[in-house]
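One file, start-v5.txt, carrying compact mmCIF, C-alpha atoms:
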# COMPACT_ATOMS: atom_id res chain seq x y z
CA MET L 1 -40.13 -76.08 83.47
CA ASN L 2 -40.75 -73.90 80.39
CA TYR L 3 -42.77 -70.59 80.29
CA THR L 4 -44.20 -68.59 77.37
CA LEU L 5 -45.21 -65.02 77.00
CA ASN L 6 -48.79 -65.99 77.22
CA ASP L 7 -48.11 -66.88 80.74
CA TYR L 8 -47.40 -63.13 81.38
CA PRO L 9 -50.05 -61.18 79.37
CA GLU L 10 -49.65 -57.94 81.31
CA GLN L 11 -45.89 -57.90 80.89
CA GLN L 12 -46.28 -58.58 77.20
CA HIS L 13 -48.63 -55.66 76.75
CA GLN L 14 -46.30 -53.32 78.52
CA ASP L 15 -43.33 -54.41 76.45
CA ALA L 16 -45.28 -54.05 73.22
CA THR L 17 -46.51 -50.59 74.16
CA ARG L 18 -42.98 -49.45 74.99
CA LEU L 19 -41.60 -50.92 71.76
CA GLY L 20 -44.32 -49.29 69.64
CA GLY L 21 -43.66 -45.91 71.17
CA GLU L 22 -39.97 -46.16 70.45
CA LEU L 23 -40.61 -47.17 66.83
CA ALA L 24 -43.10 -44.38 66.31
CA GLU L 25 -40.69 -41.79 67.66
CA GLU L 26 -37.87 -43.00 65.43
CA ALA L 27 -40.19 -42.98 62.42
CA TRP L 28 -41.18 -39.37 63.06
CA ILE L 29 -37.61 -38.36 63.54
CA ASP L 30 -36.71 -40.04 60.24
CA VAL L 31 -39.61 -38.37 58.48
CA ILE L 32 -38.62 -34.96 59.84
CA ARG L 33 -35.00 -35.58 58.84
CA ARG L 34 -36.05 -36.49 55.29
CA MET L 35 -38.32 -33.48 55.08
CA ASP L 36 -35.42 -31.24 56.10
CA GLN L 37 -33.24 -32.87 53.45
CA VAL L 38 -35.89 -32.47 50.75
CA TYR L 39 -36.44 -28.84 51.78
CA THR L 40 -32.71 -28.17 51.63
CA GLU L 41 -32.55 -29.73 48.17
CA LEU L 42 -35.54 -27.68 47.08
CA VAL L 43 -33.87 -24.48 48.30
CA GLN L 44 -30.64 -25.40 46.49
CA SER L 45 -32.58 -26.24 43.34
CA GLN L 46 -34.41 -22.93 43.58
CA GLU L 47 -31.13 -21.05 43.97
CA THR L 48 -29.60 -22.97 41.06
CA LEU L 49 -32.70 -22.31 38.96
CA GLU L 50 -32.57 -18.60 39.74
CA THR L 51 -28.85 -18.49 38.87
CA LYS L 52 -29.50 -20.29 35.57
CA HIS L 53 -32.39 -17.97 34.87
CA GLN L 54 -30.18 -14.92 35.45
CA GLU L 55 -27.47 -16.38 33.23
CA LEU L 56 -30.05 -17.17 30.55
CA ALA L 57 -31.50 -13.65 30.79
CA ALA L 58 -27.99 -12.15 30.56
CA ALA L 59 -27.19 -14.37 27.55
CA HIS L 60 -30.48 -13.38 25.96
CA LEU L 61 -29.75 -9.67 26.50
CA PHE L 62 -26.24 -10.13 25.16
CA THR L 63 -27.54 -11.92 22.06
CA GLU L 64 -30.15 -9.23 21.50
CA GLY L 65 -27.48 -6.55 21.94
CA VAL L 66 -25.19 -8.24 19.44
CA LEU L 67 -28.01 -8.64 16.92
CA ALA L 68 -29.05 -5.02 17.41
CA ALA L 69 -25.47 -3.79 17.02
CA MET L 70 -24.86 -5.76 13.81
CA THR L 71 -24.50 -3.54 10.76
CA ASP L 72 -25.05 -6.54 8.49
CA VAL L 73 -28.65 -7.63 7.98
CA MET L 74 -29.68 -11.01 9.42
CA VAL L 75 -32.71 -13.15 8.65
CA VAL L 76 -33.59 -16.48 10.35
CA CYS L 77 -35.99 -18.73 8.40
CA ASP L 78 -37.59 -22.17 8.73
CA PRO L 79 -36.99 -24.89 6.08
CA LEU L 80 -39.71 -23.39 3.85
CA GLY L 81 -38.20 -19.92 3.98
CA GLN L 82 -40.70 -18.42 6.44
CA VAL L 83 -39.02 -15.55 8.29
CA SER L 84 -38.94 -16.19 12.04
CA GLN L 85 -36.50 -13.54 13.22
CA VAL L 86 -34.73 -10.45 11.89
CA ASN L 87 -32.30 -7.97 13.38
CA ARG L 88 -32.49 -4.19 13.62
CA ALA L 89 -30.38 -3.68 10.49
CA MET L 90 -32.93 -5.62 8.42
CA VAL L 91 -35.76 -3.51 9.85
CA LYS L 92 -33.86 -0.31 9.03
CA LEU L 93 -32.96 -1.46 5.51
CA THR L 94 -36.47 -2.50 4.48
CA GLY L 95 -38.38 0.11 6.49
CA MET L 96 -40.81 -2.54 7.76
CA PRO L 97 -41.38 -3.42 11.45
CA GLU L 98 -40.23 -6.77 12.78
CA HIS L 99 -43.74 -8.19 13.26
CA LEU L 100 -44.52 -7.47 9.60
CA LEU L 101 -41.26 -8.96 8.34
CA THR L 102 -41.88 -12.19 10.26
CA SER L 103 -45.20 -12.57 8.45
CA TYR L 104 -43.41 -12.88 5.09
CA LYS L 105 -41.41 -15.57 3.45
CA LEU L 106 -37.90 -14.55 2.48
CA ALA L 107 -38.76 -15.03 -1.19
CA ASP L 108 -41.52 -12.39 -0.83
CA LEU L 109 -38.89 -9.81 0.09
CA VAL L 110 -36.78 -10.49 -3.02
CA TYR L 111 -37.14 -7.72 -5.62
CA ASN L 112 -36.42 -9.63 -8.83
CA ALA L 113 -38.51 -12.62 -10.01
CA GLU L 114 -35.50 -14.41 -11.49
CA GLN L 115 -33.57 -14.06 -8.22
CA ARG L 116 -36.67 -15.18 -6.32
CA GLU L 117 -36.70 -18.43 -8.32
CA ARG L 118 -33.01 -18.87 -7.67
CA LEU L 119 -33.59 -18.47 -3.94
CA MET L 120 -36.46 -20.96 -3.92
CA ALA L 121 -34.33 -23.46 -5.83
CA GLY L 122 -31.64 -23.08 -3.19
CA LEU L 123 -34.14 -23.62 -0.39
CA SER L 124 -35.48 -26.74 -2.05
CA ARG L 125 -32.04 -28.35 -1.73
CA GLY L 126 -32.34 -28.05 2.07
CA GLY L 127 -29.30 -27.39 4.20
CA THR L 128 -27.14 -26.16 1.35
CA GLU L 129 -24.73 -23.41 2.36
CA GLU L 130 -23.96 -20.62 -0.09
CA ASN L 131 -21.53 -17.72 0.19
CA ASP L 132 -21.39 -14.36 -1.55
CA ILE L 133 -24.59 -14.66 -3.54
CA GLU L 134 -26.03 -11.30 -4.63
CA ILE L 135 -29.82 -11.02 -4.31
CA ALA L 136 -31.63 -7.68 -4.24
CA ILE L 137 -34.41 -7.02 -1.73
CA SER L 138 -37.09 -4.35 -1.75
CA GLY L 139 -36.13 -1.19 0.11
CA ARG L 140 -38.14 1.46 1.92
CA LYS L 141 -39.55 2.96 -1.27
CA GLY L 142 -39.79 -0.28 -3.21
CA GLU L 143 -36.42 0.26 -4.85
CA PRO L 144 -34.03 -2.70 -5.32
CA ILE L 145 -31.21 -2.89 -2.79
CA PRO L 146 -28.47 -5.33 -3.91
CA VAL L 147 -27.25 -7.41 -0.94
CA THR L 148 -24.49 -10.00 -0.82
CA TRP L 149 -25.69 -12.96 1.28
CA ASN L 150 -23.97 -15.75 3.18
CA VAL L 151 -26.41 -18.58 3.97
CA SER L 152 -25.78 -21.17 6.71
CA ALA L 153 -28.00 -24.12 7.54
CA LEU L 154 -29.48 -24.75 11.01
CA PHE L 155 -29.73 -28.24 12.54
CA ASP L 156 -31.30 -29.52 15.75
CA SER L 157 -29.73 -31.84 18.33
CA GLN L 158 -30.51 -34.83 16.12
CA GLN L 159 -28.88 -33.21 13.09
CA ARG L 160 -32.19 -32.60 11.35
CA TYR L 161 -32.43 -29.57 9.07
CA THR L 162 -34.56 -26.92 10.80
CA GLY L 163 -33.93 -23.85 8.67
CA PHE L 164 -31.19 -21.41 7.82
CA VAL L 165 -29.60 -18.09 8.73
CA ALA L 166 -28.93 -15.55 6.00
CA VAL L 167 -26.47 -12.76 6.78
CA GLY L 168 -26.08 -10.05 4.17
CA ARG L 169 -24.31 -6.78 3.52
CA PRO L 170 -25.70 -4.13 1.16
CA VAL L 171 -23.42 -4.06 -1.86
CA GLY L 172 -24.14 -0.39 -2.48
CA GLU L 173 -22.28 0.62 0.67
CA LEU L 174 -19.32 -1.55 -0.26
CA ARG L 175 -19.27 -0.12 -3.76
CA ARG L 176 -19.44 3.43 -2.46
CA ALA L 177 -16.69 2.72 0.06
CA TYR L 178 -14.54 1.08 -2.62
CA ALA L 179 -15.15 3.97 -5.02
CA GLU L 180 -14.14 6.48 -2.35
CA LEU L 181 -11.07 4.43 -1.50
CA GLN L 182 -10.14 4.18 -5.18
CA LYS L 183 -10.65 7.93 -5.61
CA ALA L 184 -8.46 8.67 -2.59
CA HIS L 185 -5.80 6.28 -3.91
CA GLU L 186 -5.81 7.96 -7.34
CA ALA L 187 -5.60 11.39 -5.68
CA LEU L 188 -2.65 10.19 -3.61
CA LYS L 189 -0.91 8.80 -6.69
CA SER L 190 -1.51 12.06 -8.54
CA ALA L 191 -0.18 14.11 -5.63
CA GLN L 192 2.86 11.87 -5.38
CA ALA L 193 3.54 12.22 -9.11
CA GLN L 194 3.18 15.99 -8.87
CA LEU L 195 5.60 16.15 -5.94
CA LEU L 196 8.04 13.96 -7.84
CA GLN L 197 7.84 16.20 -10.90
CA ALA L 198 8.04 19.39 -8.83
CA GLU L 199 11.16 18.21 -7.04
CA LYS L 200 12.66 17.15 -10.34
CA MET L 201 12.05 20.57 -11.85
CA ALA L 202 13.48 22.22 -8.73
CA SER L 203 16.66 20.17 -9.21
CA LEU L 204 16.69 21.05 -12.89
CA GLY L 205 16.36 24.74 -12.01
CA ARG L 206 19.47 24.54 -9.85
CA LEU L 207 21.33 22.86 -12.71
CA VAL L 208 20.37 25.45 -15.32
CA ALA L 209 23.61 27.41 -14.98
CA GLY L 210 25.73 24.33 -15.48
CA VAL L 211 23.59 23.08 -18.34
CA ALA L 212 23.75 26.49 -20.00
CA HIS L 213 27.54 26.43 -19.76
CA GLU L 214 27.63 22.91 -21.16
CA LEU L 215 25.41 23.89 -24.07
CA ASN L 216 27.39 27.04 -24.70
CA ASN L 217 30.52 25.16 -25.85
CA PRO L 218 29.03 23.16 -28.73
CA ILE L 219 26.73 26.03 -29.69
CA SER L 220 29.72 28.43 -29.87
CA PHE L 221 31.59 25.85 -31.92
CA VAL L 222 28.65 25.50 -34.32
CA LEU L 223 28.20 29.27 -34.51
CA GLY L 224 31.90 29.88 -35.31
CA ASN L 225 31.96 27.21 -38.01
CA SER L 226 28.72 28.56 -39.45
CA HIS L 227 30.28 32.04 -39.89
CA ALA L 228 33.29 30.44 -41.57
CA MET L 229 31.02 28.44 -43.88
CA GLN L 230 29.16 31.61 -44.76
CA ARG L 231 32.41 33.36 -45.75
CA TYR L 232 33.53 30.33 -47.71
CA GLY L 233 30.18 30.29 -49.49
CA ASP L 234 30.57 33.92 -50.55
CA LYS L 235 34.03 33.20 -51.95
CA LEU L 236 32.86 30.11 -53.81
CA GLN L 237 29.89 32.01 -55.23
CA GLN L 238 32.23 34.78 -56.46
CA TYR L 239 34.60 32.28 -58.06
CA LEU L 240 31.81 30.27 -59.70
CA GLY L 241 30.26 33.51 -60.98
CA ALA L 242 33.52 34.40 -62.78
CA LEU L 243 33.77 30.87 -64.11
CA HIS L 244 30.25 30.89 -65.49
CA ALA L 245 30.82 34.37 -66.98
CA GLY L 246 33.53 32.89 -69.22
CA ALA L 247 36.59 34.48 -67.59
CA GLN L 248 39.90 33.45 -69.07
CA ALA L 249 42.26 31.01 -67.35
CA PRO L 250 44.84 33.63 -66.18
CA ALA L 251 42.07 35.70 -64.57
CA LEU L 252 40.53 32.62 -62.97
CA ASP L 253 43.91 31.55 -61.58
CA ALA L 254 44.49 34.96 -60.11
CA LEU L 255 41.00 35.00 -58.61
CA ARG L 256 41.47 31.46 -57.27
CA GLN L 257 44.66 32.51 -55.50
CA SER L 258 43.22 35.73 -54.10
CA LEU L 259 40.15 33.95 -52.74
CA LYS L 260 42.27 31.06 -51.42
CA ILE L 261 39.87 28.55 -52.98
CA ASP L 262 42.26 25.59 -52.59
CA ARG L 263 42.70 26.13 -48.84
CA LEU L 264 38.97 26.73 -48.55
CA LEU L 265 38.17 23.37 -50.20
CA ALA L 266 40.69 21.60 -47.99
CA ASP L 267 39.13 23.17 -44.88
CA LEU L 268 35.54 22.31 -45.79
CA PRO L 269 35.56 18.65 -44.48
CA SER L 270 36.83 19.68 -41.04
CA LEU L 271 34.31 22.52 -40.86
CA THR L 272 31.49 20.15 -41.77
CA ALA L 273 32.67 17.58 -39.24
CA GLY L 274 32.87 20.28 -36.57
CA LEU L 275 29.34 21.41 -37.32
CA MET L 276 28.09 17.83 -37.09
CA GLU L 277 29.92 17.20 -33.81
CA GLY L 278 28.63 20.41 -32.21
CA ALA L 279 25.07 19.70 -33.34
CA GLU L 280 25.22 16.12 -32.06
CA ARG L 281 26.62 17.22 -28.69
CA SER L 282 23.89 19.83 -28.35
CA SER L 283 21.27 17.29 -29.34
CA ALA L 284 22.58 14.78 -26.80
CA ILE L 285 22.51 17.38 -24.00
CA VAL L 286 18.98 18.48 -24.88
CA ASP L 287 17.85 14.87 -25.17
CA ALA L 288 19.27 14.07 -21.73
CA LEU L 289 17.52 17.10 -20.25
CA LYS L 290 14.24 16.10 -21.89
CA ARG L 291 14.52 12.58 -20.48
CA PHE L 292 15.32 13.96 -17.04
CA SER L 293 12.43 16.43 -16.99
CA ALA L 294 9.83 14.16 -18.61
CA VAL L 295 7.22 12.16 -16.68
CA GLU L 296 8.27 8.53 -17.05
CA THR L 297 6.23 5.48 -16.02
CA ASP L 298 8.25 2.56 -17.40
CA ILE L 299 10.69 1.44 -14.72
CA ARG L 300 11.67 -1.85 -16.36
CA GLN L 301 14.68 -0.77 -18.41
CA ARG L 302 18.28 -1.90 -18.40
CA VAL L 303 20.23 1.05 -16.98
CA ASP L 304 23.98 1.63 -16.55
CA LEU L 305 24.34 3.11 -13.05
CA ALA L 306 27.94 4.17 -13.76
CA GLU L 307 26.85 6.30 -16.73
CA LEU L 308 24.02 7.88 -14.73
CA GLY L 309 26.44 8.69 -11.90
CA GLN L 310 28.95 10.33 -14.23
CA ARG L 311 26.24 12.38 -15.93
CA ALA L 312 24.78 13.55 -12.62
CA LEU L 313 28.26 14.39 -11.35
CA HIS L 314 28.98 16.39 -14.50
CA TRP L 315 25.72 18.36 -14.32
CA VAL L 316 26.03 19.22 -10.63
CA GLY L 317 29.71 20.09 -11.00
CA GLN L 318 29.02 22.43 -13.91
CA ALA L 319 26.33 24.27 -11.92
CA SER L 320 28.32 24.48 -8.67
CA PRO L 321 29.86 27.89 -7.84
CA HIS L 322 32.80 26.27 -6.04
CA ALA L 323 35.25 23.59 -7.17
CA VAL L 324 35.23 20.16 -5.51
CA ASP L 325 37.91 17.50 -5.64
CA VAL L 326 36.02 14.47 -6.99
CA GLN L 327 37.35 10.92 -6.81
CA CYS L 328 35.54 8.13 -8.70
CA HIS L 329 36.16 4.44 -8.05
CA GLY L 330 34.70 1.57 -10.06
CA MET L 331 32.80 3.84 -12.47
CA ALA L 332 34.92 3.19 -15.54
CA SER L 333 32.98 0.04 -16.51
CA PRO L 334 29.19 -0.38 -16.79
CA GLN L 335 27.19 -1.59 -13.80
CA TRP L 336 23.72 -2.61 -14.97
CA VAL L 337 20.54 -2.37 -12.93
CA THR L 338 16.88 -2.62 -13.90
CA GLY L 339 14.73 0.46 -13.51
CA SER L 340 13.90 3.91 -14.77
CA ALA L 341 16.88 5.89 -16.00
CA ASN L 342 14.92 9.08 -15.50
CA GLN L 343 14.02 8.42 -11.86
CA LEU L 344 17.43 7.00 -10.90
CA GLN L 345 19.08 10.04 -12.51
CA GLN L 346 16.93 12.23 -10.26
CA VAL L 347 18.09 10.27 -7.18
CA LEU L 348 21.77 10.63 -8.09
CA VAL L 349 21.46 14.34 -8.92
CA ASN L 350 19.79 14.91 -5.56
CA LEU L 351 22.40 12.97 -3.56
CA ILE L 352 25.35 14.62 -5.30
CA GLN L 353 23.76 18.08 -5.07
CA ASN L 354 23.21 17.58 -1.32
CA ALA L 355 26.87 16.62 -0.93
CA TYR L 356 27.96 19.77 -2.79
CA ASP L 357 25.66 21.90 -0.61
CA ALA L 358 26.98 20.30 2.58
CA MET L 359 30.60 21.16 1.61
CA GLU L 360 29.81 24.77 0.70
CA LYS L 361 31.78 26.12 3.69
CA THR L 362 34.41 23.36 3.75
CA THR L 363 37.97 24.60 3.11
CA ALA L 364 39.08 21.75 0.84
CA PRO L 365 35.88 19.99 -0.30
CA GLN L 366 36.28 16.38 -1.39
CA LEU L 367 33.69 14.01 -2.85
CA ALA L 368 34.18 10.30 -3.41
CA LEU L 369 31.92 8.05 -5.50
CA THR L 370 32.51 4.31 -5.14
CA LEU L 371 30.58 1.87 -7.33
CA GLU L 372 30.87 -1.89 -6.83
CA ARG L 373 28.95 -5.13 -7.11
CA ASP L 374 28.06 -6.91 -3.87
CA GLY L 375 26.52 -10.28 -4.65
CA GLU L 376 23.21 -9.68 -6.40
CA HIS L 377 23.26 -5.93 -5.74
CA ILE L 378 25.03 -2.89 -7.18
CA LYS L 379 26.11 -0.43 -4.48
CA LEU L 380 27.03 3.22 -4.96
CA ARG L 381 28.50 5.15 -2.00
CA ILE L 382 28.64 8.94 -2.10
CA SER L 383 30.91 10.34 0.64
CA ASP L 384 31.81 13.95 1.40
CA ASN L 385 34.05 15.65 3.97
CA GLY L 386 31.44 18.16 5.10
CA PRO L 387 30.12 18.59 8.65
CA GLY L 388 28.18 15.30 8.55
CA ILE L 389 24.70 14.57 9.91
CA SER L 390 23.84 14.91 13.59
CA ASP L 391 22.50 11.87 15.43
CA ALA L 392 19.15 13.61 15.96
CA ASN L 393 18.78 14.33 12.24
CA LEU L 394 19.83 10.85 11.08
CA ALA L 395 16.47 9.45 12.19
CA LEU L 396 14.60 12.22 10.34
CA ILE L 397 16.73 12.60 7.22
CA PHE L 398 14.25 10.82 4.91
CA ASP L 399 11.08 12.35 6.37
CA PRO L 400 9.02 14.52 3.99
CA PHE L 401 9.63 18.28 4.31
CA PHE L 402 12.54 17.78 6.72
CA THR L 403 15.53 19.90 5.76
CA THR L 404 18.54 21.47 7.46
CA LYS L 405 19.03 23.96 4.61
CA PRO L 406 18.10 27.65 4.94
CA VAL L 407 14.70 28.83 3.73
CA GLY L 408 14.63 28.96 -0.06
CA LYS L 409 17.49 26.50 -0.45
CA GLY L 410 15.47 23.28 -0.36
CA THR L 411 11.93 21.88 -0.18
CA GLY L 412 12.71 19.02 2.19
CA LEU L 413 11.29 16.57 -0.35
CA GLY L 414 14.43 15.53 -2.24
CA LEU L 415 15.61 12.74 0.04
CA SER L 416 12.08 11.60 0.83
CA ILE L 417 11.23 11.25 -2.86
CA SER L 418 14.59 9.61 -3.56
CA TYR L 419 13.93 7.08 -0.79
CA GLY L 420 10.55 6.24 -2.32
CA ILE L 421 12.03 5.85 -5.82
CA VAL L 422 14.71 3.48 -4.56
CA GLU L 423 12.12 1.42 -2.67
CA GLN L 424 10.01 1.14 -5.84
CA HIS L 425 13.09 -0.25 -7.57
CA GLY L 426 13.48 -2.92 -4.90
CA GLY L 427 16.57 -1.25 -3.48
CA ARG L 428 17.67 0.51 -0.32
CA LEU L 429 18.94 4.00 0.49
CA ARG L 430 20.58 4.71 3.83
CA ALA L 431 22.54 7.57 5.38
CA ASP L 432 25.41 7.50 7.84
CA ASN L 433 28.54 9.39 8.87
CA ASN L 434 32.08 8.51 7.88
CA ALA L 435 34.49 7.56 10.63
CA GLU L 436 36.85 10.33 9.50
CA GLY L 437 34.01 12.86 9.24
CA GLY L 438 31.45 13.87 6.68
CA ALA L 439 28.27 12.18 5.48
CA CYS L 440 27.91 9.01 3.45
CA PHE L 441 24.86 7.90 1.47
CA GLU L 442 24.73 4.33 0.19
CA LEU L 443 22.44 3.38 -2.68
CA SER L 444 21.89 -0.35 -3.20
CA LEU L 445 19.93 -1.69 -6.19
CA PRO L 446 19.35 -5.23 -7.49
CA ALA L 447 21.71 -6.05 -10.33
CA ALA L 448 20.11 -6.58 -13.73
CA PRO L 449 19.93 -10.27 -14.73

Show how you would write the structure in this file as structure tokens.
Amino acid sequence: MNYTLNDYPEQQHQDATRLGGELAEEAWIDVIRRMDQVYTELVQSQETLETKHQELAAAHLFTEGVLAAMTDVMVVCDPLGQVSQVNRAMVKLTGMPEHLLTSYKLADLVYNAEQRERLMAGLSRGGTEENDIEIAISGRKGEPIPVTWNVSALFDSQQRYTGFVAVGRPVGELRRAYAELQKAHEALKSAQAQLLQAEKMASLGRLVAGVAHELNNPISFVLGNSHAMQRYGDKLQQYLGALHAGAQAPALDALRQSLKIDRLLADLPSLTAGLMEGAERSSAIVDALKRFSAVETDIRQRVDLAELGQRALHWVGQASPHAVDVQCHGMASPQWVTGSANQLQQVLVNLIQNAYDAMEKTTAPQLALTLERDGEHIKLRISDNGPGISDANLALIFDPFFTTKPVGKGTGLGLSISYGIVEQHGGRLRADNNAEGGACFELSLPAAP
């Protein structure tokens, strides 16, 4: 026997009521759960939004700070050249407030009509970037201010041209800075040249005694021969006077013998040659001194380092109050370098003079000069047997105004200037101590091709 629910209406109503209540409760629970979830998401979104807002505000402040700190002027324009934004440097340069500047087109701020047309032509090309274009803008008092501009195009997310940014730097400031730099450089060059010449003349002053002695020999030779020529001239004049007066042969013969005319005539060629040799030696010495003391700028000459070394050694040795045993190795044949004979002579005089000074209290002073070729370089070593250089002074030996000599004996510029001269010649100058004692300076210069 089969039954249906209709057979139990009261039971059915009770079951339906219970089922509806359960469904309603679950629905409310689900709704509340979803509301909690949505609220949580809203809170998280709000927090995220606030964080992004703070980051955006910080980025905005940073950008404004950067723009305000820029010393270069900056102008942002739309495609037609309407100014939309400027930085503080642009406001300061033009003397106009930002709200007034943004009411102009960039072309309106250009001082010159020709440059204004050039700018408009550039804008008409749209998106063209230009670098280092000089366009003057109107300044505070309407005066032209030349500015070098770099223009960069702006594009949106779809790569459409939306305007450009022009960053410029007033050329006047650059020119003033360059002029000041150039002036300082010229002053430095002048001071360096003056120091070089002063040190050279100081070295020459110390060599005066030796040079005077060297000049004294040929001058004495010339002076002695000149007196002899004067006497010979008087005798010849006396003899020729008698001859022109018509003296007879016996009288002329007697006068010829008494005046020793035959020996005089035989001696004349040697006297003349002696005069010429003495004059040429004096001229060569004076010429060498003139070259050494002159201001020379050409450093591209072919120079024999062996000859310069021998000349410097001779000059310093002549001026030295004490004798030094000098040994030369490899200086008999020429060793050619490229440079200034004048300046390299100054270096060698200074190095040899320092060696002589260092051995002033040495019992048996010895100096050795060794010249040799090492590959593409010519090396000259100058070694003495003096007290040497202390380790503390080795690091300072080429510093300007550093000296171990007593006051009045040196300026402290000799080695510093010598170091600079050698560097200008593409060479190297270094100092060290010999293993057996004493100092050693090594000069290395590129060999002449």

I'd like the neighbourhood of Leu351 of chain L as a VMD selection string, where a residue qualifies if any of its atoms comes within 9 Å (using only C-alpha atoms), though same-chain residues fewer than 6 positions away should be ignored.
chain L and resid 382 414 to 415 418 441

Straight-line distance linking atom CA of Pro365 of chain L with atom CA of Thr403 of chain L, stated in Å to one decimal:
21.2 Å

Around (-36.6, -18.9, 9.2), as given in the file, which residues come within 8 Å? Count all atoms listed in the file and list them as a short mmCIF file (atom, residue, chain, number, x, y, z; two decimals) with C-alpha atoms, in the coordinates of the input.
data_model
loop_
_atom_site.label_atom_id
_atom_site.label_comp_id
_atom_site.auth_asym_id
_atom_site.auth_seq_id
_atom_site.Cartn_x
_atom_site.Cartn_y
_atom_site.Cartn_z
CA VAL L 75 -32.71 -13.15 8.65
CA VAL L 76 -33.59 -16.48 10.35
CA CYS L 77 -35.99 -18.73 8.40
CA ASP L 78 -37.59 -22.17 8.73
CA PRO L 79 -36.99 -24.89 6.08
CA LEU L 80 -39.71 -23.39 3.85
CA GLY L 81 -38.20 -19.92 3.98
CA GLN L 82 -40.70 -18.42 6.44
CA VAL L 83 -39.02 -15.55 8.29
CA SER L 84 -38.94 -16.19 12.04
CA GLN L 85 -36.50 -13.54 13.22
CA GLY L 163 -33.93 -23.85 8.67
CA PHE L 164 -31.19 -21.41 7.82
CA VAL L 165 -29.60 -18.09 8.73
#

Within 8 Å of segment 235-240 of chain L using all atoms listed in the file, minus same-chain residues under 4 positions, as a VMD selection string:
chain L and resid 231 244 252 255 to 256 259 261

For each of L:Gln182, L:Asn225, L:Ser320, L:Thr370, take the minimum atom-to-atom distance to Asp267 of chain L, counting all atoms listed in the file, then give the residue where this is smallest.
L:Asn225

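Note that atom CA of Asp432 of chain L and atom CA of Leu394 of chain L are 7.3 Å apart.
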
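Atom CA of His53 of chain L sits 25.2 Å away from atom CA of Asp36 of chain L.
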
Would you list the contacts of Glu423 of chain L as a PDB file with C-alpha atoms, keeping the file's coordinate frame, taking every protein, DNA or RNA residue within 12 Å and counting all atoms listed in the file, but skipping same-chain residues closer than 6 positions in sequence?
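Listing of around05.pdb after writing:
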ATOM      1  CA  GLY L 339      14.730   0.460 -13.510  1.00  0.00           C
ATOM      2  CA  GLN L 343      14.020   8.420 -11.860  1.00  0.00           C
ATOM      3  CA  LEU L 344      17.430   7.000 -10.900  1.00  0.00           C
ATOM      4  CA  VAL L 347      18.090  10.270  -7.180  1.00  0.00           C
ATOM      5  CA  SER L 416      12.080  11.600   0.830  1.00  0.00           C
ATOM      6  CA  ILE L 417      11.230  11.250  -2.860  1.00  0.00           C
ATOM      7  CA  LEU L 429      18.940   4.000   0.490  1.00  0.00           C
ATOM      8  CA  ARG L 430      20.580   4.710   3.830  1.00  0.00           C
ATOM      9  CA  LEU L 443      22.440   3.380  -2.680  1.00  0.00           C
ATOM     10  CA  SER L 444      21.890  -0.350  -3.200  1.00  0.00           C
ATOM     11  CA  LEU L 445      19.930  -1.690  -6.190  1.00  0.00           C
ATOM     12  CA  PRO L 446      19.350  -5.230  -7.490  1.00  0.00           C
TER      13      PRO L 446
END

Segment 107-114 of chain L environment, 7 Å, all atoms listed in the file, sequence neighbours closer than 5 positions dropped, as a count of residues only:
6

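Considering the residues L:Ala179, L:Ala166, L:Leu49, L:Val151 and counting all atoms listed in the file, Met90 of chain L has its shortest atom-to-atom contact with L:Ala166.
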